[in-house]
Amino acid sequence: MEKVIETKNLKKKFGKILAVDNVSLEIEKGKIFGLIGPNGGGKTTLIRMILGILKPTEGEVFILGKRMPDRKVLKKIGYMPQESALYENLTLKENLFTFGEIFGVKNLKERMKEVLKFVGLEGWENEMIENFSQGMKKRASFSISLLPDPEILILDEPTVGIDPPLMVSFWEYFKELSKIGKTILITTHNLQEAMNCQEIGLMSKGKIILKGNPFELLKEHKVNSLLDLFLKFR
């Protein structure tokens with residue numbers, strides 16, 4: 001299978017703190033890969049190095065075979081940060097237009113219609129973001145990451161703070177995108193929802209302590225849940 005995301009011996013230090021410690025990953029095309037672990041474990045720092053937002057202290061990142069950072073490759077990535085990047089004082093449509101122009105999206109009006117239909121926000125285009133619920137803001141942020149029709153989606157805690165029915169909807173979106181060949185790298189500290197991933201990297205104290213298919217890992221290590229697995233190897 002084609003390697004879409006590859007990291008080699010990535011490290012990141014902040015002063016004396018080693019936030020990411022020698023992480024090597026390979027993520028194949030069309031896979032949903034979950035970086036799993038507690039808050040403060042290094043997940044967000046790792047994906048920011050993958051995106052080129054942070055410069056590694058050591059190591060390399062390759063996306064679609066190109067060493068990062070690479071502006072041409074960045075155009076093929078949809079990123080949803082943990083903190084909302086939405087403009088609260090603008091409508092949903094104005095936010096989409098703003099980010100669509102930044103991304104250089106062609107046929108922007110048509111693409112907006114497609115994305116809003118996909119995430120279930122049709123009819124909300126003229127509503128101010130400040131009036132949206134937390135769940136709707138998450139949908140809106142996700143729709144923006146989809147605007148450029150990216151080959152790769154990098155989603156940092158996309159389901160935190162939303163109710164269970166919406167979480168189920170989000171995972172339906174992710175699986176549908178995976179089926180059409182999109183590669184998804186997602187971070188979460190929710191070990192239950194991580195069972196939806198095709199592969200996971202269990203992360204603690206800046207290190208990947210286990211990698212593999214979640215069901216196979218449970219079977220191999222004879223535990224009943226990812227929580228049990230994490231407690232066994234943390």
# chains A, B, ... in the order shown; residues from 1 in each chain; ligands from 1
>>> residues_around(residues="A:Glu83", least_positions_apart="6", cutoff="12 Å", atoms="only C-alpha atoms", output="list in words")
Thr44, Gln134, Lys137, Lys138, Ser141, Phe142, Leu155, Asp156, Glu157, Pro158, Thr159, Val160 and Gly161 of chain A
>>> select_by_dssp(residues="stretch 18-207 of chain A", states="alpha helix (DSSP H)", output="ChimeraX atom specification")
/A:43-51,71-74,92-103,108-119,134-146,164-179
>>> residues_around(residues="A:Phe230", least_positions_apart="3", cutoff="12 Å", atoms="only C-alpha atoms", output="list in words")
Ile36, Gly37, Pro38, His189, Asn190, Leu191, Ile200, Gly201, Leu202, Met203, Ser204, Ile208, Ile209, Leu210, Lys211, Pro214, Leu217, Leu218, His221, Val223, Asn224, Ser225, Leu226, Leu227, Phe233 and Arg234 of chain A
>>> residues_around(residues="stretch 113-123 of chain A", least_positions_apart="5", cutoff="9 Å", atoms="only C-alpha atoms", output="VMD selection string")
chain A and resid 108 136 139 to 140 142 to 144 146 to 147 169 to 170 173
>>> write_last_selection(atoms="N, CA and C atoms", output="CSV table (one decimal), in the first residue's frame")
chain,number,residue,atom,x,y,z
A,108,LEU,N,-16.0,27.5,-6.0
A,108,LEU,CA,-16.2,27.5,-4.6
A,108,LEU,C,-17.7,27.4,-4.2
A,136,MET,N,-22.7,22.2,16.4
A,136,MET,CA,-22.8,22.8,15.1
A,136,MET,C,-21.5,23.5,14.7
A,139,ARG,N,-19.3,20.9,13.4
A,139,ARG,CA,-19.6,20.6,12.0
A,139,ARG,C,-19.1,21.6,11.0
A,140,ALA,N,-19.2,22.9,11.4
A,140,ALA,CA,-18.7,24.0,10.6
A,140,ALA,C,-17.2,23.9,10.4
A,142,PHE,N,-15.4,21.3,10.6
A,142,PHE,CA,-15.1,20.1,9.8
A,142,PHE,C,-15.4,20.4,8.3
A,143,SER,N,-16.5,21.2,8.0
A,143,SER,CA,-16.8,21.5,6.7
A,143,SER,C,-15.7,22.4,6.0
A,144,ILE,N,-15.1,23.2,6.8
A,144,ILE,CA,-14.0,24.0,6.3
A,144,ILE,C,-12.8,23.2,5.9
A,146,LEU,N,-12.9,20.3,4.8
A,146,LEU,CA,-13.2,19.5,3.6
A,146,LEU,C,-13.2,20.4,2.3
A,147,LEU,N,-13.3,21.7,2.5
A,147,LEU,CA,-13.5,22.6,1.3
A,147,LEU,C,-12.5,22.3,0.1
A,169,SER,N,-22.4,10.4,14.1
A,169,SER,CA,-22.4,11.0,12.8
A,169,SER,C,-21.1,11.3,12.2
A,170,PHE,N,-20.2,11.9,13.1
A,170,PHE,CA,-18.9,12.2,12.6
A,170,PHE,C,-18.1,11.0,12.2
A,173,TYR,N,-19.1,10.0,8.8
A,173,TYR,CA,-18.4,10.8,7.8
A,173,TYR,C,-17.0,10.3,7.5
>>> atom_distance(atom1="atom CA of A:Asp163", atom2="atom CA of A:Gly181")
27.6 Å
>>> select_by_dssp(residues="stretch 137-201 of chain A", states="strand (DSSP E or B)", output="list of chain:residue names")
A:Ile152, A:Leu153, A:Ile154, A:Leu155, A:Asp156, A:Thr183, A:Ile184, A:Leu185, A:Ile186, A:Thr187, A:Thr188, A:Glu199, A:Ile200, A:Gly201
>>> atom_distance(atom1="atom CA of A:Gln198", atom2="atom CA of A:Leu18")
28.4 Å
>>> closest_residue(among="A:Leu51, A:Asp228, A:Lys207, A:Glu28", to="A:Ile77", atoms="only C-alpha atoms")
A:Leu51
